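Inspection log for the structure reproduced underneath, given as structure tokens.
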Amino acid sequence: MTIPFNKPYMTGKELWYISQAHHNMQLSGDGPFTKKCHEWLEQNTGCKKALLTHSCTAALEMAAILADIQPGDEIIMPSYTFVSTANAFVLRGGVPVFVDIREDTLNIDEHLIEAAISPKTKAIVPVHYAGVGCEMDTIMEIANRYNLLVIEDAAQGIMASYKGKPLGSIGHMGTFSFHETKNITSGEGGALLINDERFIERAEIIREKGTNRSKFFRGQVDKYTWCDIGSSYLPGELIAAFLWAQLEEAEGITHRRLSLWKEYHQAFSVLEKMDVIHRPVVPVESIHNAHMYYILLQSQDKRSAVMQYFANVGINAVFHYVPLHNSPTGIKYGGSSSELPITNNLSGRLLRLPMWIGLSMEQQNFVVDSFREAYK
């Protein structure tokens, strides 16, 4: 039996909608399907403005420009995240200041943020790991007290919430990913969610290569021109058509993933009681989206042994991020307020299990049984 780590889910409508976009003869960005996706995101998150981008990386880069990051400005974020979280700000000359994570959720430890603030701090970037919300009330309170921007990296967070508020809709801005590995996918893709109205007009300009082209198409100006810095952050209409098929089925996709997540969670409960592994923790104020299922082993050596056993029996299980503060570029461009002991420890012990719609009960049982065999 061979079990891949991930399989992109198809609703069955993707090619039909792509053919409609082809029939409409509008293949560049901001066509009818893009508008449908924008409306869905605004209605389902409550953000003031949603803008599709060609990746979550692009959305983060837009957020860094909107935050007016200047050389030397500091941005507080976890080290346990994907490189795009830091890259977007480093490209503007910003300095990532890495903060340790919580032992339960692997999210940024909100109690360590204030100590990392300096006169150069411009923004806080909480990352909602595995679709489980950070402690946003505390983070927003700190940000408001120090007059800092909050940019949510909700790459993994669509259809998840914190205290009833959709992830990505709580900070001043938020970002989603629609990469093939995410719950809702367009192959490559992302979105910028703007929750503070003062950023809306400039966001449209930045996204359109620094021009007021969006105003022109709305009939608000008789011609468009170069108004600001920017780049080409729009996805094509074929990408939006594919994404629309997924967004239409977002509730069903989330429900099916949650069922798989619960099966794993129940199956590993005995091993957690035996202190063999630790299972994911979801605080009561969070509703997660089953983006992934991971376990924490007792040591990195044990994780390596289990991964080798899995590979031998055809199971593709993977670890996750190499902490940014330990990477060559993280050392070159970033800094940290402490040694980040929890990040260093947990990143070496975490193992992500196969998780995709269509994974059968037999396959899940094989993963769990193989883990038991490997651990012997």
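Chain labels A, B, ... are given in the sequence in which chains occur in the structure tokens; within each chain residues are numbered consecutively from 1, and ligands are likewise numbered from 1 in the order shown.
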
Considering only C-alpha atoms, tabulate each residue of segment 137-212 of chain A that lies at most 7 Å from segment 119-131 of chain A along with its nearest interatomic pair and the corresponding distance in Å to one decimal; arrange the rows by chain and ascending residue number and present them as CSV.
residue,atom,partner,partner_atom,distance
A:Leu148,CA,A:Ala123,CA,5.1
A:Leu149,CA,A:Ala123,CA,4.5
A:Val150,CA,A:Ile124,CA,4.9
A:Ile151,CA,A:Val125,CA,4.9
A:Glu152,CA,A:Pro126,CA,5.3
A:Asp153,CA,A:Val127,CA,4.7
A:Ala154,CA,A:His128,CA,5.5
A:Gln156,CA,A:Gly131,CA,5.1
A:Gly157,CA,A:Gly131,CA,4.2
A:Ala160,CA,A:Gly131,CA,6.1

**OP:** Within segment 19-140 of chain A, find each residue whose DSSP state, derived from the backbone, is alpha helix (DSSP H), and express the selection as an MDAnalysis selection string.
**Re:** chainID A and resid 19:24 32:45 56:66 83:90 113:116 136:140

Original post:
If you count only C-alpha atoms, which residues fall within 9 Å of Glu339 of chain A, apart from same-chain ones fewer than 5 positions away, as a list of chain:residue names?
Top reply: A:Val99, A:Asp100, A:Asn344

Go ahead and write the residues just picked, N, CA and C atoms, as a JSON list (two decimals), in the first residue's frame.
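Contents of part-v6.json, freshly written:
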[["chain", "number", "residue", "atom", "x", "y", "z"],
["A", 99, "VAL", "N", 10.07, 35.34, 17.66],
["A", 99, "VAL", "CA", 9.59, 35.10, 19.01],
["A", 99, "VAL", "C", 9.24, 33.62, 19.14],
["A", 100, "ASP", "N", 9.41, 33.06, 20.31],
["A", 100, "ASP", "CA", 9.15, 31.65, 20.52],
["A", 100, "ASP", "C", 7.65, 31.34, 20.42],
["A", 344, "ASN", "N", 12.90, 25.34, 18.86],
["A", 344, "ASN", "CA", 13.97, 24.38, 18.54],
["A", 344, "ASN", "C", 13.58, 22.96, 18.90]]

Subject >> Of the listed residues A:Ala240, A:Ala59, A:Ala116, A:Leu353, that which approaches Gly190 of chain A most closely, counting only C-alpha atoms >> reply: A:Ala59

Original post:
Near Thr185 of chain A, within 12 Å and counting only C-alpha atoms, which residues show up once chain neighbours fewer than 5 positions away are dropped, as a PyMOL selection string?
Top reply: chain A and resi 7-11+14+54-56+155-156+158+176-180+190-191+239-250+253+291

Restricted to C-alpha atoms, what would the selected residues look like written as a PDB file, in the first residue's frame?
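Final output, saved to out_13.pdb:
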ATOM      1  CA  LYS A   7      -3.754  14.763  -2.893  1.00  0.00           C
ATOM      2  CA  PRO A   8      -5.432  17.954  -4.141  1.00  0.00           C
ATOM      3  CA  TYR A   9      -9.217  17.623  -3.925  1.00  0.00           C
ATOM      4  CA  MET A  10     -11.339  18.347  -6.992  1.00  0.00           C
ATOM      5  CA  THR A  11     -15.020  19.194  -6.687  1.00  0.00           C
ATOM      6  CA  GLU A  14     -13.259  23.155 -11.948  1.00  0.00           C
ATOM      7  CA  HIS A  54      -1.286  34.836  -7.361  1.00  0.00           C
ATOM      8  CA  SER A  55      -0.001  33.485  -4.017  1.00  0.00           C
ATOM      9  CA  CYS A  56      -0.100  34.080  -0.279  1.00  0.00           C
ATOM     10  CA  ALA A 155      -2.224  30.851   4.934  1.00  0.00           C
ATOM     11  CA  GLN A 156      -3.595  27.702   6.591  1.00  0.00           C
ATOM     12  CA  ILE A 158      -9.561  29.555   5.738  1.00  0.00           C
ATOM     13  CA  PHE A 176      -4.818  33.323   2.682  1.00  0.00           C
ATOM     14  CA  SER A 177      -3.094  30.661   0.606  1.00  0.00           C
ATOM     15  CA  PHE A 178      -4.792  28.565  -2.069  1.00  0.00           C
ATOM     16  CA  HIS A 179      -1.713  26.484  -2.839  1.00  0.00           C
ATOM     17  CA  GLU A 180      -2.320  22.879  -3.855  1.00  0.00           C
ATOM     18  CA  GLY A 190      -3.792  33.589  -2.444  1.00  0.00           C
ATOM     19  CA  ALA A 191      -5.792  36.524  -1.151  1.00  0.00           C
ATOM     20  CA  ILE A 239      -7.141  30.409 -11.680  1.00  0.00           C
ATOM     21  CA  ALA A 240     -10.136  32.295 -10.252  1.00  0.00           C
ATOM     22  CA  ALA A 241     -12.546  29.976 -12.087  1.00  0.00           C
ATOM     23  CA  PHE A 242     -10.835  26.945 -10.547  1.00  0.00           C
ATOM     24  CA  LEU A 243     -10.915  28.598  -7.123  1.00  0.00           C
ATOM     25  CA  TRP A 244     -14.614  29.440  -7.415  1.00  0.00           C
ATOM     26  CA  ALA A 245     -15.432  25.724  -7.776  1.00  0.00           C
ATOM     27  CA  GLN A 246     -13.594  25.136  -4.502  1.00  0.00           C
ATOM     28  CA  LEU A 247     -15.082  28.063  -2.584  1.00  0.00           C
ATOM     29  CA  GLU A 248     -18.590  26.902  -3.497  1.00  0.00           C
ATOM     30  CA  GLU A 249     -17.835  23.634  -1.698  1.00  0.00           C
ATOM     31  CA  ALA A 250     -15.810  25.116   1.186  1.00  0.00           C
ATOM     32  CA  ILE A 253     -14.572  20.251   2.154  1.00  0.00           C
ATOM     33  CA  HIS A 291      -5.676  21.708   7.732  1.00  0.00           C
TER      34      HIS A 291
END

**OP:** If you run DSSP over the backbone, which residues in segment 251-323 of chain A end up strand (DSSP E or B)? Put them as a list in words.
**Re:**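 Selection result, strand (DSSP E or B) within segment 251-323 of chain A: His278, Ser286, Ile287, Tyr294, Ile295, Leu296, Ile315 and Val318 of chain A.
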
Just-selected residues, N, CA and C atoms written as a short mmCIF file (atom, residue, chain, number, x, y, z; two decimals), in the first residue's frame:
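The file below, part06.cif, is the result:
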data_model
loop_
_atom_site.label_atom_id
_atom_site.label_comp_id
_atom_site.auth_asym_id
_atom_site.auth_seq_id
_atom_site.Cartn_x
_atom_site.Cartn_y
_atom_site.Cartn_z
N HIS A 278 2.40 13.32 21.61
CA HIS A 278 1.43 14.35 21.99
C HIS A 278 0.61 14.70 20.77
N SER A 286 -11.16 28.41 19.83
CA SER A 286 -10.82 28.26 18.41
C SER A 286 -11.65 27.17 17.76
N ILE A 287 -12.09 27.43 16.55
CA ILE A 287 -12.66 26.41 15.68
C ILE A 287 -11.67 26.23 14.53
N TYR A 294 -0.90 16.40 12.87
CA TYR A 294 0.49 16.13 13.23
C TYR A 294 0.55 15.48 14.61
N ILE A 295 1.66 14.82 14.88
CA ILE A 295 1.94 14.30 16.22
C ILE A 295 3.34 14.77 16.63
N LEU A 296 3.55 14.89 17.91
CA LEU A 296 4.85 15.26 18.45
C LEU A 296 5.44 14.04 19.13
N ILE A 315 4.36 4.84 3.25
CA ILE A 315 3.63 5.97 3.82
C ILE A 315 4.50 7.22 3.72
N VAL A 318 5.74 13.63 6.64
CA VAL A 318 6.80 14.63 6.53
C VAL A 318 6.88 15.46 7.81
#

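Proximity to segment 64-69 of chain A at 9 Å, evaluated using only C-alpha atoms and with sequence-adjacent residues fewer than 4 positions away removed, yields Ala59, Leu60, Asp73, Glu74, Ile75, Ala88, Phe89, Leu91, Arg92, Gly93, Gly94, Lys122, Ala123, Leu149, Ile151, Phe199, Arg202, Ala203, Ile206, Ile229 and Gly230 of chain A.
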
Writer output for current selection, N, CA and C atoms, as an mmCIF file, in the first residue's frame:
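That gives us result.cif:
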data_model
loop_
_atom_site.group_PDB
_atom_site.id
_atom_site.type_symbol
_atom_site.label_atom_id
_atom_site.label_comp_id
_atom_site.auth_asym_id
_atom_site.auth_seq_id
_atom_site.Cartn_x
_atom_site.Cartn_y
_atom_site.Cartn_z
ATOM 1 N N ALA A 59 0.388 38.223 -1.407
ATOM 2 C CA ALA A 59 -0.469 38.955 -0.477
ATOM 3 C C ALA A 59 0.347 39.529 0.681
ATOM 4 N N LEU A 60 1.301 38.751 1.189
ATOM 5 C CA LEU A 60 2.173 39.243 2.261
ATOM 6 C C LEU A 60 3.064 40.380 1.769
ATOM 7 N N ASP A 73 13.030 48.784 9.894
ATOM 8 C CA ASP A 73 11.798 48.545 10.659
ATOM 9 C C ASP A 73 11.761 47.081 11.110
ATOM 10 N N GLU A 74 11.292 46.861 12.326
ATOM 11 C CA GLU A 74 11.230 45.509 12.880
ATOM 12 C C GLU A 74 9.807 44.962 12.827
ATOM 13 N N ILE A 75 9.719 43.680 12.531
ATOM 14 C CA ILE A 75 8.433 43.005 12.427
ATOM 15 C C ILE A 75 8.491 41.757 13.291
ATOM 16 N N ALA A 88 8.664 38.566 2.784
ATOM 17 C CA ALA A 88 7.856 39.698 2.331
ATOM 18 C C ALA A 88 8.334 41.006 2.949
ATOM 19 N N PHE A 89 8.808 40.949 4.177
ATOM 20 C CA PHE A 89 9.238 42.153 4.885
ATOM 21 C C PHE A 89 10.723 42.436 4.664
ATOM 22 N N LEU A 91 12.264 41.929 1.945
ATOM 23 C CA LEU A 91 12.334 42.571 0.635
ATOM 24 C C LEU A 91 12.177 44.088 0.721
ATOM 25 N N ARG A 92 11.503 44.574 1.753
ATOM 26 C CA ARG A 92 11.322 46.019 1.953
ATOM 27 C C ARG A 92 12.405 46.595 2.861
ATOM 28 N N GLY A 93 13.352 45.758 3.282
ATOM 29 C CA GLY A 93 14.395 46.216 4.193
ATOM 30 C C GLY A 93 14.053 46.001 5.653
ATOM 31 N N GLY A 94 12.932 45.319 5.912
ATOM 32 C CA GLY A 94 12.509 45.065 7.286
ATOM 33 C C GLY A 94 13.349 44.000 7.967
ATOM 34 N N LYS A 122 7.348 47.884 13.889
ATOM 35 C CA LYS A 122 6.300 48.440 13.029
ATOM 36 C C LYS A 122 5.048 47.567 13.000
ATOM 37 N N ALA A 123 5.229 46.235 13.120
ATOM 38 C CA ALA A 123 4.082 45.335 12.955
ATOM 39 C C ALA A 123 4.319 44.021 13.680
ATOM 40 N N LEU A 149 0.797 47.700 13.629
ATOM 41 C CA LEU A 149 -0.100 47.000 12.724
ATOM 42 C C LEU A 149 -0.047 45.499 13.003
ATOM 43 N N ILE A 151 -0.749 41.968 10.975
ATOM 44 C CA ILE A 151 -0.974 41.318 9.680
ATOM 45 C C ILE A 151 -1.046 39.821 9.934
ATOM 46 N N PHE A 199 -6.517 51.258 4.005
ATOM 47 C CA PHE A 199 -5.579 50.567 3.114
ATOM 48 C C PHE A 199 -6.212 50.130 1.789
ATOM 49 N N ARG A 202 -5.151 52.109 -1.702
ATOM 50 C CA ARG A 202 -3.755 51.888 -2.065
ATOM 51 C C ARG A 202 -3.511 50.425 -2.432
ATOM 52 N N ALA A 203 -4.214 49.506 -1.762
ATOM 53 C CA ALA A 203 -4.045 48.080 -2.073
ATOM 54 C C ALA A 203 -4.410 47.799 -3.527
ATOM 55 N N ILE A 206 -1.486 49.118 -5.696
ATOM 56 C CA ILE A 206 -0.291 48.272 -5.598
ATOM 57 C C ILE A 206 -0.480 46.987 -6.395
ATOM 58 N N ILE A 229 4.170 52.776 -6.151
ATOM 59 C CA ILE A 229 4.894 51.543 -6.429
ATOM 60 C C ILE A 229 3.901 50.386 -6.449
ATOM 61 N N GLY A 230 4.278 49.300 -7.068
ATOM 62 C CA GLY A 230 3.388 48.145 -7.131
ATOM 63 C C GLY A 230 4.004 47.059 -7.977
#

**OP:** Within 9 Å of segment 102-104 of chain A, counting only C-alpha atoms, which residues show up once you throw out same-chain ones fewer than 2 positions away? Write them as number ranges by chain, please.
**Re:** A: 100, 106-110, 280-283, 342-343, 346

Just the selected residues (N, CA and C atoms), exported as an mmCIF file, in the first residue's frame, please.
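Written file, part33.cif:
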data_model
loop_
_atom_site.group_PDB
_atom_site.id
_atom_site.type_symbol
_atom_site.label_atom_id
_atom_site.label_comp_id
_atom_site.auth_asym_id
_atom_site.auth_seq_id
_atom_site.Cartn_x
_atom_site.Cartn_y
_atom_site.Cartn_z
ATOM 1 N N ASP A 100 9.410 33.062 20.310
ATOM 2 C CA ASP A 100 9.149 31.646 20.523
ATOM 3 C C ASP A 100 7.654 31.338 20.424
ATOM 4 N N LEU A 106 1.618 25.636 19.071
ATOM 5 C CA LEU A 106 2.727 25.969 18.180
ATOM 6 C C LEU A 106 2.548 27.328 17.514
ATOM 7 N N ASN A 107 1.618 28.117 18.029
ATOM 8 C CA ASN A 107 1.459 29.499 17.582
ATOM 9 C C ASN A 107 2.395 30.407 18.364
ATOM 10 N N ILE A 108 2.598 31.627 17.867
ATOM 11 C CA ILE A 108 3.429 32.594 18.557
ATOM 12 C C ILE A 108 2.953 32.757 20.002
ATOM 13 N N ASP A 109 3.891 32.792 20.939
ATOM 14 C CA ASP A 109 3.551 32.961 22.354
ATOM 15 C C ASP A 109 3.243 34.434 22.597
ATOM 16 N N GLU A 110 1.972 34.719 22.766
ATOM 17 C CA GLU A 110 1.534 36.114 22.902
ATOM 18 C C GLU A 110 2.131 36.796 24.125
ATOM 19 N N PRO A 280 -2.308 17.183 18.642
ATOM 20 C CA PRO A 280 -2.566 18.615 18.512
ATOM 21 C C PRO A 280 -3.540 19.100 19.581
ATOM 22 N N VAL A 281 -3.370 20.355 19.982
ATOM 23 C CA VAL A 281 -4.249 20.992 20.964
ATOM 24 C C VAL A 281 -5.031 22.109 20.267
ATOM 25 N N VAL A 282 -6.339 22.104 20.438
ATOM 26 C CA VAL A 282 -7.193 23.162 19.892
ATOM 27 C C VAL A 282 -7.898 23.840 21.060
ATOM 28 N N PRO A 283 -7.529 25.073 21.416
ATOM 29 C CA PRO A 283 -8.163 25.774 22.534
ATOM 30 C C PRO A 283 -9.666 25.928 22.309
ATOM 31 N N ILE A 342 11.526 26.424 22.755
ATOM 32 C CA ILE A 342 10.371 25.596 22.389
ATOM 33 C C ILE A 342 10.333 25.379 20.885
ATOM 34 N N THR A 343 10.615 26.429 20.126
ATOM 35 C CA THR A 343 10.681 26.287 18.667
ATOM 36 C C THR A 343 11.720 25.240 18.283
ATOM 37 N N LEU A 346 10.337 21.571 19.526
ATOM 38 C CA LEU A 346 9.160 20.987 18.887
ATOM 39 C C LEU A 346 9.348 20.792 17.389
#

**OP:** Provide the atom CA of Phe98 of chain A to atom CA of Ser79 of chain A distance in Å, to one decimal place.
**Re:**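 Between these atoms lies a distance of 5.1 Å.
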
Original post:
In Å, how far is it from atom CA of Ile117 of chain A to atom CA of Ile76 of chain A?
Top reply: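 These atoms are spaced 7.7 Å apart.
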
Subject >> Given only C-alpha atoms as the counted atoms, nearest of A:Lys163, A:Arg303, A:Arg198, A:His111 to Thr138 of chain A >> reply: A:His111

Original post:
Within 12 Å of Ala267 of chain A, counting only C-alpha atoms, which residues qualify if same-chain residues fewer than 3 places away don't, as a PyMOL selection string?
Top reply: chain A and resi 260-264+270-273+277+279+293+295+361+364-369+371-372

Prev. selection, C-alpha atoms, output as an mmCIF file, in the first residue's frame:
data_model
loop_
_atom_site.group_PDB
_atom_site.id
_atom_site.type_symbol
_atom_site.label_atom_id
_atom_site.label_comp_id
_atom_site.auth_asym_id
_atom_site.auth_seq_id
_atom_site.Cartn_x
_atom_site.Cartn_y
_atom_site.Cartn_z
ATOM 1 C CA LEU A 260 -10.526 12.566 8.952
ATOM 2 C CA TRP A 261 -8.844 14.685 11.626
ATOM 3 C CA LYS A 262 -11.149 13.286 14.332
ATOM 4 C CA GLU A 263 -10.392 9.701 13.259
ATOM 5 C CA TYR A 264 -6.669 10.289 13.707
ATOM 6 C CA VAL A 270 -4.196 5.815 23.768
ATOM 7 C CA LEU A 271 -0.625 6.496 22.660
ATOM 8 C CA GLU A 272 -0.834 9.982 24.134
ATOM 9 C CA LYS A 273 -1.979 8.535 27.461
ATOM 10 C CA ILE A 277 3.266 11.071 21.505
ATOM 11 C CA ARG A 279 -1.598 15.164 19.873
ATOM 12 C CA TYR A 293 -2.853 16.290 11.480
ATOM 13 C CA ILE A 295 1.937 14.301 16.224
ATOM 14 C CA MET A 361 -10.476 4.328 6.891
ATOM 15 C CA GLN A 364 -5.775 5.716 8.174
ATOM 16 C CA ASN A 365 -5.716 2.482 10.152
ATOM 17 C CA PHE A 366 -2.624 1.405 8.234
ATOM 18 C CA VAL A 367 -0.890 4.676 9.175
ATOM 19 C CA VAL A 368 -1.765 4.244 12.856
ATOM 20 C CA ASP A 369 -0.869 0.537 12.938
ATOM 21 C CA PHE A 371 3.242 3.882 13.695
ATOM 22 C CA ARG A 372 2.712 1.370 16.479
#
